[in-house]
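Structure file input-v8.csv (CSV, C-alpha atoms) is printed below.
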chain,number,residue,atom,x,y,z
A,1,MET,CA,-15.8,15.3,-15.0
A,2,GLY,CA,-15.8,18.1,-12.5
A,3,GLU,CA,-16.7,21.7,-13.0
A,4,GLU,CA,-13.3,22.8,-12.0
A,5,ASN,CA,-11.8,20.8,-14.9
A,6,ALA,CA,-10.2,23.0,-17.6
A,7,THR,CA,-12.5,21.6,-20.3
A,8,PRO,CA,-16.0,21.4,-18.9
A,9,ARG,CA,-18.6,19.4,-20.8
A,10,VAL,CA,-21.2,22.0,-22.1
A,11,LEU,CA,-24.5,21.1,-23.7
A,12,LEU,CA,-26.5,23.6,-25.7
A,13,VAL,CA,-30.2,22.9,-25.6
A,14,ILE,CA,-32.0,24.4,-28.5
A,15,PRO,CA,-35.8,24.0,-28.3
A,16,ALA,CA,-37.3,24.4,-31.7
A,17,PHE,CA,-40.9,24.5,-32.9
A,18,ASN,CA,-41.3,25.0,-36.6
A,19,GLU,CA,-38.0,26.7,-37.0
A,20,GLN,CA,-37.0,25.4,-40.4
A,21,ASP,CA,-36.2,29.0,-41.7
A,22,SER,CA,-33.7,29.8,-38.9
A,23,LEU,CA,-32.4,26.6,-37.5
A,24,ALA,CA,-29.6,26.0,-40.0
A,25,ALA,CA,-28.2,29.5,-39.6
A,26,THR,CA,-28.4,29.2,-35.8
A,27,LEU,CA,-26.5,25.9,-35.9
A,28,ALA,CA,-23.9,27.4,-38.2
A,29,ASP,CA,-23.4,30.3,-35.7
A,30,VAL,CA,-23.1,27.8,-32.9
A,31,ARG,CA,-20.6,25.7,-34.7
A,32,ARG,CA,-18.5,28.8,-35.5
A,33,GLU,CA,-18.6,30.5,-32.1
A,34,ALA,CA,-19.2,27.7,-29.7
A,35,GLY,CA,-17.8,24.6,-31.3
A,36,PHE,CA,-16.6,23.3,-28.0
A,37,ALA,CA,-20.1,22.6,-26.8
A,38,SER,CA,-22.3,19.6,-27.6
A,39,VAL,CA,-25.7,20.5,-29.2
A,40,LEU,CA,-29.1,19.0,-28.6
A,41,VAL,CA,-32.0,20.3,-30.7
A,42,VAL,CA,-35.3,19.4,-29.1
A,43,ASP,CA,-38.0,19.4,-31.8
A,44,ASP,CA,-41.2,20.3,-30.0
A,45,GLY,CA,-43.5,18.5,-32.3
A,46,SER,CA,-42.8,20.6,-35.4
A,47,SER,CA,-44.9,20.1,-38.5
A,48,ASP,CA,-42.2,21.5,-40.8
A,49,LEU,CA,-38.7,20.4,-41.7
A,50,THR,CA,-37.1,21.3,-38.4
A,51,THR,CA,-36.1,17.7,-37.6
A,52,ASP,CA,-34.8,17.1,-41.1
A,53,ILE,CA,-32.6,20.2,-40.8
A,54,ALA,CA,-31.2,19.0,-37.5
A,55,LEU,CA,-30.5,15.6,-39.1
A,56,ASP,CA,-28.8,17.2,-42.1
A,57,GLU,CA,-26.7,19.4,-39.9
A,58,GLY,CA,-25.5,16.3,-38.0
A,59,VAL,CA,-26.5,17.5,-34.6
A,60,GLU,CA,-28.1,15.4,-31.9
A,61,PHE,CA,-31.8,15.9,-31.7
A,62,ALA,CA,-34.7,14.7,-29.6
A,63,ARG,CA,-38.1,14.7,-31.3
A,64,LEU,CA,-41.1,15.1,-29.0
A,65,PRO,CA,-44.1,13.3,-30.6
A,66,PHE,CA,-46.3,16.3,-30.2
A,67,ASN,CA,-46.1,20.0,-29.2
A,68,LEU,CA,-45.7,20.2,-25.4
A,69,GLY,CA,-44.5,23.8,-25.2
A,70,VAL,CA,-41.1,25.4,-24.8
A,71,GLY,CA,-41.0,24.6,-21.0
A,72,ALA,CA,-41.3,20.8,-21.6
A,73,ALA,CA,-38.9,21.0,-24.5
A,74,VAL,CA,-36.2,22.7,-22.4
A,75,GLN,CA,-36.8,20.3,-19.6
A,76,THR,CA,-36.2,17.4,-22.0
A,77,GLY,CA,-32.8,19.0,-22.6
A,78,PHE,CA,-32.1,19.1,-18.9
A,79,LYS,CA,-33.0,15.4,-18.6
A,80,TYR,CA,-30.6,14.6,-21.5
A,81,ALA,CA,-27.8,16.6,-19.8
A,82,GLN,CA,-28.4,14.8,-16.5
A,83,ARG,CA,-28.0,11.4,-18.3
A,84,GLY,CA,-25.1,12.6,-20.4
A,85,ASP,CA,-23.2,13.9,-17.3
A,86,PHE,CA,-22.7,17.4,-18.6
A,87,ASP,CA,-21.2,20.1,-16.4
A,88,PHE,CA,-23.1,23.0,-17.8
A,89,VAL,CA,-26.3,23.4,-19.8
A,90,VAL,CA,-26.9,26.4,-22.0
A,91,GLN,CA,-30.5,27.3,-23.0
A,92,PHE,CA,-30.4,28.8,-26.5
A,93,ASP,CA,-33.1,30.0,-28.8
A,94,ALA,CA,-33.5,28.4,-32.3
A,95,ASP,CA,-34.7,31.6,-34.0
A,96,GLY,CA,-31.3,33.1,-34.3
A,97,GLN,CA,-31.8,36.0,-31.9
A,98,HIS,CA,-29.1,34.7,-29.5
A,99,PRO,CA,-25.6,35.3,-30.8
A,100,ALA,CA,-23.5,32.2,-30.1
A,101,LYS,CA,-20.5,34.4,-29.2
A,102,PHE,CA,-22.0,34.8,-25.8
A,103,VAL,CA,-21.9,31.1,-24.9
A,104,ARG,CA,-18.2,31.2,-24.2
A,105,LYS,CA,-18.6,34.3,-22.1
A,106,MET,CA,-21.4,32.6,-20.1
A,107,VAL,CA,-19.3,29.6,-19.5
A,108,GLU,CA,-16.5,31.7,-18.2
A,109,ARG,CA,-18.9,33.8,-16.1
A,110,ILE,CA,-20.5,30.8,-14.4
A,111,ARG,CA,-17.1,29.2,-13.6
A,112,ASP,CA,-15.6,32.5,-12.3
A,113,SER,CA,-18.6,33.6,-10.3
A,114,SER,CA,-19.4,30.4,-8.5
A,115,ALA,CA,-23.0,31.0,-9.5
A,116,ASP,CA,-25.5,28.2,-10.2
A,117,VAL,CA,-27.1,30.1,-13.1
A,118,VAL,CA,-26.1,33.0,-15.4
A,119,ALA,CA,-29.1,34.7,-16.9
A,120,GLY,CA,-28.7,36.8,-20.0
A,121,VAL,CA,-29.8,40.5,-19.8
A,122,ARG,CA,-30.9,42.0,-23.1
A,123,VAL,CA,-32.0,45.4,-21.9
A,124,ALA,CA,-28.6,46.2,-20.4
A,125,GLY,CA,-26.6,44.9,-23.4
A,126,ASP,CA,-25.7,46.7,-26.6
A,127,LEU,CA,-28.9,46.1,-28.6
A,128,GLU,CA,-28.3,45.2,-32.3
A,129,SER,CA,-31.3,46.4,-34.3
A,130,TYR,CA,-33.7,45.4,-31.6
A,131,THR,CA,-36.2,47.6,-29.8
A,132,PHE,CA,-38.4,47.0,-26.9
A,133,THR,CA,-41.9,48.4,-27.2
A,134,PHE,CA,-43.5,50.3,-24.3
A,135,LEU,CA,-45.8,47.3,-23.6
A,136,ARG,CA,-42.9,44.9,-23.6
A,137,ARG,CA,-41.1,47.1,-21.1
A,138,LEU,CA,-44.2,47.4,-19.0
A,139,GLY,CA,-44.7,43.6,-19.0
A,140,SER,CA,-41.0,43.1,-18.1
A,141,TRP,CA,-41.4,45.5,-15.2
A,142,TRP,CA,-44.5,43.8,-13.9
A,143,LEU,CA,-42.8,40.3,-14.0
A,144,ARG,CA,-39.7,41.7,-12.3
A,145,LEU,CA,-42.0,43.1,-9.5
A,146,LEU,CA,-43.7,39.8,-9.1
A,147,ILE,CA,-40.5,37.8,-9.0
A,148,TRP,CA,-39.1,40.2,-6.4
A,149,ILE,CA,-42.3,39.8,-4.3
A,150,ALA,CA,-42.2,36.0,-4.7
A,151,SER,CA,-38.4,35.5,-4.2
A,152,GLY,CA,-37.0,38.6,-2.8
A,153,GLN,CA,-34.5,38.8,-5.7
A,154,ARG,CA,-34.3,41.5,-8.3
A,155,PHE,CA,-33.7,40.5,-11.9
A,156,THR,CA,-33.2,42.8,-14.9
A,157,ASP,CA,-34.6,40.7,-17.7
A,158,PRO,CA,-36.8,37.8,-16.5
A,159,THR,CA,-37.9,36.7,-20.0
A,160,CYS,CA,-34.5,36.3,-21.6
A,161,GLY,CA,-34.1,32.7,-22.8
A,162,LEU,CA,-30.3,32.8,-23.0
A,163,ARG,CA,-29.0,31.2,-19.8
A,164,ILE,CA,-26.5,28.8,-18.5
A,165,TYR,CA,-27.0,26.4,-15.6
A,166,ASN,CA,-24.5,24.3,-13.7
A,167,ARG,CA,-25.1,20.6,-13.0
A,168,ARG,CA,-26.9,21.2,-9.7
A,169,ALA,CA,-29.4,23.7,-11.1
A,170,ALA,CA,-29.9,21.6,-14.3
A,171,SER,CA,-30.7,18.6,-12.2
A,172,PHE,CA,-33.2,20.6,-10.1
A,173,LEU,CA,-34.8,21.9,-13.3
A,174,ALA,CA,-34.9,18.5,-14.9
A,175,LYS,CA,-37.5,17.7,-12.2
A,176,HIS,CA,-39.1,21.1,-11.6
A,177,TYR,CA,-38.8,23.2,-14.8
A,178,PRO,CA,-42.1,25.2,-15.1
A,179,GLU,CA,-44.3,24.3,-18.1
A,180,ILE,CA,-45.8,27.8,-18.5
A,181,ALA,CA,-44.1,31.2,-18.5
A,182,ALA,CA,-40.9,29.1,-18.0
A,183,GLU,CA,-38.3,31.8,-18.0
A,184,PRO,CA,-39.7,34.1,-15.3
A,185,CYS,CA,-41.1,31.3,-13.2
A,186,SER,CA,-37.8,29.4,-13.2
A,187,LEU,CA,-36.0,32.5,-11.9
A,188,ALA,CA,-38.4,32.7,-9.0
A,189,LEU,CA,-38.1,29.0,-8.4
A,190,LEU,CA,-34.3,28.9,-8.4
A,191,SER,CA,-34.1,31.9,-6.1
A,192,ASN,CA,-36.5,30.4,-3.7
A,193,HIS,CA,-34.5,27.2,-3.6
A,194,GLY,CA,-31.3,28.9,-2.8
A,195,PHE,CA,-29.6,28.8,-6.2
A,196,LYS,CA,-27.3,31.7,-6.9
A,197,VAL,CA,-28.3,33.5,-10.1
A,198,VAL,CA,-26.1,36.2,-11.6
A,199,GLU,CA,-26.7,38.2,-14.8
A,200,LEU,CA,-24.6,38.9,-17.9
A,201,ASP,CA,-25.3,41.5,-20.5
A,202,VAL,CA,-26.0,40.1,-23.9
A,203,SER,CA,-27.1,41.5,-27.2
A,204,LEU,CA,-30.0,40.4,-29.3
A,205,ARG,CA,-30.4,40.0,-33.0
A,206,PRO,CA,-33.6,40.2,-35.0
A,207,ARG,CA,-35.1,36.8,-36.0
A,208,THR,CA,-33.4,35.2,-38.9
A,209,GLY,CA,-36.5,33.4,-40.0
A,210,GLY,CA,-40.1,32.5,-39.0
A,211,ALA,CA,-42.4,34.9,-37.2
A,212,THR,CA,-42.9,35.7,-33.6
A,213,SER,CA,-46.0,34.2,-32.1
A,214,LEU,CA,-46.5,37.1,-29.7
A,215,THR,CA,-49.5,39.2,-30.7
A,216,PHE,CA,-51.0,41.7,-28.3
A,217,GLY,CA,-53.7,39.2,-27.3
A,218,ARG,CA,-51.2,36.4,-26.7
A,219,SER,CA,-48.9,38.8,-24.8
A,220,LEU,CA,-51.7,39.8,-22.5
A,221,SER,CA,-52.7,36.2,-22.0
A,222,TYR,CA,-49.0,35.4,-21.3
A,223,MET,CA,-48.8,38.1,-18.7
A,224,ILE,CA,-51.9,36.9,-16.9
A,225,ILE,CA,-50.8,33.3,-16.9
A,226,ALA,CA,-47.2,34.3,-16.0
A,227,SER,CA,-48.4,36.3,-13.1
A,228,TRP,CA,-50.5,33.5,-11.7
A,229,ALA,CA,-47.7,31.0,-12.4
A,230,ILE,CA,-45.1,33.0,-10.5
A,231,ALA,CA,-47.4,33.5,-7.6
A,232,THR,CA,-48.0,29.7,-7.4
A,233,ALA,CA,-44.6,28.5,-8.5
A,234,THR,CA,-43.3,28.7,-5.0
A,235,LEU,CA,-46.2,26.7,-3.6
A,236,ALA,CA,-45.7,23.9,-6.2
A,237,THR,CA,-42.3,22.8,-5.0
A,238,GLY,CA,-42.1,24.5,-1.6
A,239,ARG,CA,-39.8,27.3,-0.6
A,240,ARG,CA,-36.9,25.2,0.7
A,241,ARG,CA,-34.3,23.7,-1.4
A,242,THR,CA,-35.3,20.1,-2.4
A,243,ASP,CA,-32.3,18.9,-4.3
B,1,MET,CA,-105.4,44.5,6.3
B,2,PRO,CA,-101.7,43.8,6.9
B,3,PRO,CA,-102.2,40.7,9.2
B,4,VAL,CA,-104.4,39.0,6.6
B,5,VAL,CA,-102.0,39.6,3.9
B,6,GLY,CA,-99.2,38.2,6.1
B,7,GLU,CA,-101.2,35.1,6.8
B,8,LEU,CA,-102.1,34.6,3.1
B,9,THR,CA,-98.5,34.9,2.1
B,10,SER,CA,-97.4,32.4,4.7
B,11,TYR,CA,-100.1,30.0,3.7
B,12,ASP,CA,-99.4,30.3,-0.1
B,13,PHE,CA,-95.7,29.8,0.5
B,14,SER,CA,-96.2,26.5,2.5
B,15,LYS,CA,-98.6,25.2,-0.1
B,16,LEU,CA,-96.3,26.1,-2.9
B,17,ALA,CA,-93.4,24.4,-1.1
B,18,SER,CA,-95.4,21.3,-0.5
B,19,VAL,CA,-96.4,21.0,-4.2
B,20,THR,CA,-92.8,21.7,-5.3
B,21,MET,CA,-91.5,19.1,-2.9
B,22,GLN,CA,-93.6,16.3,-4.4
B,23,SER,CA,-93.0,17.1,-8.0
B,24,GLY,CA,-89.4,18.0,-7.4
B,25,GLN,CA,-88.8,14.8,-5.5
B,26,LEU,CA,-90.2,12.7,-8.3
B,27,LEU,CA,-88.3,14.5,-11.0
B,28,LEU,CA,-85.0,14.3,-9.1
B,29,ILE,CA,-85.4,10.6,-8.4
B,30,VAL,CA,-86.2,9.8,-12.1
B,31,ALA,CA,-83.3,12.0,-13.2
B,32,ALA,CA,-81.0,10.3,-10.7
B,33,LEU,CA,-81.9,6.9,-12.0
B,34,VAL,CA,-81.3,7.9,-15.6
B,35,ALA,CA,-78.0,9.4,-14.7
B,36,ILE,CA,-76.9,6.3,-12.7
B,37,ALA,CA,-77.9,4.1,-15.7
B,38,PHE,CA,-75.9,6.4,-18.0
B,39,VAL,CA,-72.8,6.2,-15.8
B,40,VAL,CA,-73.1,2.4,-15.5
B,41,THR,CA,-73.4,2.1,-19.3
B,42,LEU,CA,-70.3,4.2,-19.7
B,43,ILE,CA,-68.5,1.9,-17.3
B,44,ARG,CA,-69.7,-1.2,-19.1
B,45,LEU,CA,-68.5,0.2,-22.4
B,46,ARG,CA,-65.1,1.0,-20.9
B,47,MET,CA,-65.6,4.7,-21.6
B,48,LEU,CA,-65.4,5.7,-17.9
B,49,ARG,CA,-63.3,4.2,-15.2
B,50,GLU,CA,-64.9,3.0,-12.0
B,51,SER,CA,-62.7,5.2,-9.9
B,52,TYR,CA,-63.7,8.3,-11.8
B,53,SER,CA,-67.4,7.5,-11.7
B,54,ILE,CA,-67.5,7.3,-8.0
B,55,VAL,CA,-67.7,11.1,-7.7
B,56,PHE,CA,-70.6,11.3,-10.1
B,57,VAL,CA,-72.5,8.5,-8.4
B,58,GLY,CA,-71.8,10.1,-5.1
B,59,ALA,CA,-73.2,13.4,-6.3
B,60,ILE,CA,-76.3,11.7,-7.8
B,61,LEU,CA,-77.0,9.9,-4.5
B,62,LEU,CA,-76.6,13.1,-2.6
B,63,PHE,CA,-79.3,14.6,-4.7
B,64,VAL,CA,-81.6,11.6,-4.2
B,65,VAL,CA,-81.1,11.6,-0.5
B,66,THR,CA,-81.8,15.3,-0.4
B,67,ALA,CA,-84.8,15.0,-2.5
B,68,THR,CA,-86.3,12.0,-0.6
B,69,TRP,CA,-85.5,12.7,3.0
B,70,GLY,CA,-83.7,15.9,3.1
B,71,PHE,CA,-86.2,18.4,1.9
B,72,GLY,CA,-87.4,19.3,5.4
B,73,TRP,CA,-83.9,20.3,6.5
B,74,MET,CA,-83.2,21.9,3.2
B,75,ILE,CA,-86.2,24.2,3.7
B,76,TRP,CA,-85.1,24.8,7.3
B,77,LEU,CA,-81.6,25.6,6.2
B,78,THR,CA,-82.5,27.8,3.2
B,79,ARG,CA,-84.9,29.8,5.4
B,80,ARG,CA,-82.2,30.3,8.0
B,81,LEU,CA,-79.9,31.5,5.2
B,82,GLY,CA,-82.5,33.9,4.1
B,83,VAL,CA,-83.4,32.1,0.9
B,84,THR,CA,-87.2,32.3,0.5
B,85,TYR,CA,-87.5,29.8,-2.3
B,86,ALA,CA,-86.3,26.3,-1.1
B,87,PRO,CA,-85.3,24.9,-4.5
B,88,SER,CA,-82.8,27.7,-4.7
B,89,GLY,CA,-81.0,25.9,-1.9
B,90,VAL,CA,-80.9,22.8,-4.1
B,91,PHE,CA,-79.5,24.7,-6.9
B,92,THR,CA,-76.8,26.1,-4.6
B,93,LEU,CA,-76.0,22.6,-3.5
B,94,GLY,CA,-75.9,21.6,-7.1
B,95,PHE,CA,-73.5,24.4,-7.9
B,96,GLY,CA,-71.2,23.2,-5.1
B,97,VAL,CA,-71.3,19.6,-6.3
B,98,VAL,CA,-70.5,20.7,-9.9
B,99,ALA,CA,-67.6,22.8,-8.6
B,100,VAL,CA,-66.2,19.8,-6.6
B,101,VAL,CA,-66.6,17.6,-9.7
B,102,GLY,CA,-64.8,20.2,-11.8
B,103,ILE,CA,-61.9,20.4,-9.4
B,104,TYR,CA,-61.7,16.6,-9.1
B,105,LEU,CA,-61.5,16.3,-12.9
B,106,GLY,CA,-58.9,19.1,-13.0
B,107,VAL,CA,-56.8,17.1,-10.6
B,108,ILE,CA,-57.2,14.0,-12.7
B,109,ILE,CA,-56.3,15.8,-16.0
B,110,THR,CA,-53.3,17.5,-14.4
B,111,GLY,CA,-52.0,14.1,-13.3
B,112,LEU,CA,-52.6,12.6,-16.7
B,113,GLN,CA,-51.0,15.6,-18.5
B,114,SER,CA,-47.9,15.2,-16.3
B,115,LYS,CA,-47.6,11.5,-17.1
B,116,ILE,CA,-48.1,12.1,-20.8
B,117,LYS,CA,-45.4,14.8,-20.8
B,118,THR,CA,-43.0,12.5,-19.1
B,119,LEU,CA,-43.8,9.7,-21.5
B,120,ALA,CA,-43.3,11.9,-24.5
B,121,GLN,CA,-40.0,13.2,-23.1
B,122,GLU,CA,-38.8,9.7,-22.3
B,123,ASN,CA,-39.8,8.6,-25.8
B,124,ALA,CA,-37.8,11.4,-27.4
B,125,LEU,CA,-34.8,10.7,-25.3
B,126,LEU,CA,-34.9,7.0,-26.0
B,127,GLU,CA,-35.3,7.6,-29.7
B,128,ALA,CA,-32.2,9.9,-29.6
B,129,ARG,CA,-30.3,7.3,-27.7
B,130,LEU,CA,-31.3,4.6,-30.1
B,131,ARG,CA,-30.2,6.7,-33.1
B,132,SER,CA,-26.9,7.3,-31.4
B,133,VAL,CA,-26.3,3.6,-30.7
B,134,GLU,CA,-27.3,2.7,-34.2
B,135,SER,CA,-25.0,5.3,-35.6
B,136,ASP,CA,-22.1,4.0,-33.5
B,137,SER,CA,-22.9,0.5,-34.4
B,138,ALA,CA,-23.1,1.3,-38.2
B,139,GLY,CA,-19.8,3.2,-37.9
B,140,ALA,CA,-18.1,0.2,-36.1
B,141,SER,CA,-19.3,-2.3,-38.6
B,142,GLY,CA,-18.4,-0.1,-41.5
B,143,GLY,CA,-14.9,0.3,-40.1
B,144,ALA,CA,-14.6,-3.5,-39.6
B,145,GLU,CA,-15.7,-4.1,-43.2
B,146,ALA,CA,-13.2,-1.5,-44.5
B,147,SER,CA,-10.3,-3.1,-42.6
B,148,ALA,CA,-11.3,-6.6,-43.6
B,149,PRO,CA,-9.0,-8.2,-46.2
Let's see the structure in the file written out as structure tokens.
Amino acid sequence: MGEENATPRVLLVIPAFNEQDSLAATLADVRREAGFASVLVVDDGSSDLTTDIALDEGVEFARLPFNLGVGAAVQTGFKYAQRGDFDFVVQFDADGQHPAKFVRKMVERIRDSSADVVAGVRVAGDLESYTFTFLRRLGSWWLRLLIWIASGQRFTDPTCGLRIYNRRAASFLAKHYPEIAAEPCSLALLSNHGFKVVELDVSLRPRTGGATSLTFGRSLSYMIIASWAIATATLATGRRRTD
Amino acid sequence: MPPVVGELTSYDFSKLASVTMQSGQLLLIVAALVAIAFVVTLIRLRMLRESYSIVFVGAILLFVVTATWGFGWMIWLTRRLGVTYAPSGVFTLGFGVVAVVGIYLGVIITGLQSKIKTLAQENALLEARLRSVESDSAGASGGAEASAP
């Protein structure tokens, strides 16, 4: 099925690690707002009832035998999409922060803009009860600067996990999706390999369950690792397109 | 008298180096033999693969060669580098070897991690596929039973 077809095949990849408190609500939102899309929950070695909830909700799920990290979980989704011959792959968080109403907008945007990737931008959207702390803004600025140096492209929100990829970008990332600091690194990688990335304003909701794992120490550690990963991401696969 | 002090210092250093050479050589050779025996034992017990042990055995042999025949050039080299105490040169060499071994192991671990990740992903995808096929199959057989007279 080609991308120009009126009803493209869309896969929502939802990486989930111990998301038993929010997954059911997220899936209900997806069913309500993006019922046209197929859903794959990738259980990243959860120790809670995440898999059982996915089973109860009747969605397709892939259960990783142990925790590999969000990068590997999303990459599993890209591999699934490649084998299932999907036209577009949407990366979607399980914690309920991504409103599913944007999925349709993202599909329309990627089809209309001839882009390979549409990346969500939280900071430019109408924020719903969500605030960015100073440190978070500083971190985002630093990552934007690094990506700009590494790829020559400017991005507004490099850590937003709400994105849509076309078949070509998804196939590329099925092979090369970064394992650490996946969101900012993948932007640098995609830009360096000639993929067209455009942005779309999205809003963000507070978590519907669970707790964020980002403490100050982890955030600092993430920034250091992300900086190094972005700097080396280009070297890992080369600067030229390799599809 | 400055010249006398200079001579004494030179004489003391050579004597000290000579003594250190002999005891150091012996210690290094004994330690090398113990280390090689340990590595061979690990290989015999299948706790270490031959290919991974090569770098360890190589490092041990480098130390033995340096201790047995290479002390002269080691002293020459360390003096040229401005190191006044020759065994410091050996420690520097040891640090270099440890660094190489660390990088070598890092490369091996990275390769293994990548393979494990791929295996885990393939396992998850196959399991999902199996579940889907079983579900389709159950649905088909259920439908057949329902339509049977």
One decimal, in Å: what's the spacing between CA of Leu28 in chain B and CA of Glu50 in chain B?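 Value for the CA of Leu28 in chain B-CA of Glu50 in chain B distance: 23.2 Å.
Put simply, CA of Gln91 in chain A is 8.7 Å away from CA of Leu11 in chain A.
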Chain B residues within 7 Å of chain A, counting only C-alpha atoms: which ones, as a PyMOL selection string? chain B and resi 120-121+124-125+128
Polymer residues at most 10 Å from range 136-145 of chain A, all atoms listed in the file, same-chain spacing of 6 or more positions, as a list in words: Val123, Ser151, Gly152, Gln153, Arg154, Phe155, Thr156, Asp157, Pro158, Thr159, Pro184, Cys185, Leu187, Ala188, Phe216, Ser219, Leu220, Tyr222, Met223, Ala226, Ser227 and Ile230 of chain A
Considering all atoms listed in the file, can you say which of A:Leu55, A:Ala182, A:Cys160, A:Ala81 comes closest to Gly120 in chain A?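 Closest residue, counting all atoms listed in the file: A:Cys160.
We find CA of Phe36 in chain A and CA of Ala140 in chain B to be spaced 24.5 Å apart.
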Could you give me, as a PyMOL selection string, the residues within 12 Å of Gly96 in chain B, counting all atoms listed in the file and dropping anything in the same chain fewer than 6 positions from it? chain B and resi 59+62-63+89-90+102-103
Option closest in space to Met106 in chain A, from A:Ile180, A:Ile147, A:Ala94, A:Val202 [counting only C-alpha atoms]: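 Checking each candidate against Met106 in chain A, we get A:Val202 as the closest.
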Counting only C-alpha atoms, write as a PDB file with C-alpha atoms, in the coordinates of the input all protein and nucleic acid residues lying at most 6 Å from (-28.2, 38.3, -33.1) in the file's frame.
ATOM      1  CA  GLN A  97     -31.800  36.000 -31.900  1.00  0.00           C
ATOM      2  CA  HIS A  98     -29.100  34.700 -29.500  1.00  0.00           C
ATOM      3  CA  PRO A  99     -25.600  35.300 -30.800  1.00  0.00           C
ATOM      4  CA  LEU A 204     -30.000  40.400 -29.300  1.00  0.00           C
ATOM      5  CA  ARG A 205     -30.400  40.000 -33.000  1.00  0.00           C
TER       6      ARG A 205
END
For Val117 in chain A, which residue among A:Lys105, A:Lys196, A:Lys175, A:Arg218 is the nearest when counting all atoms listed in the file?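 Looking only at the distances to Val117 in chain A, the closest residue turns out to be A:Lys196.
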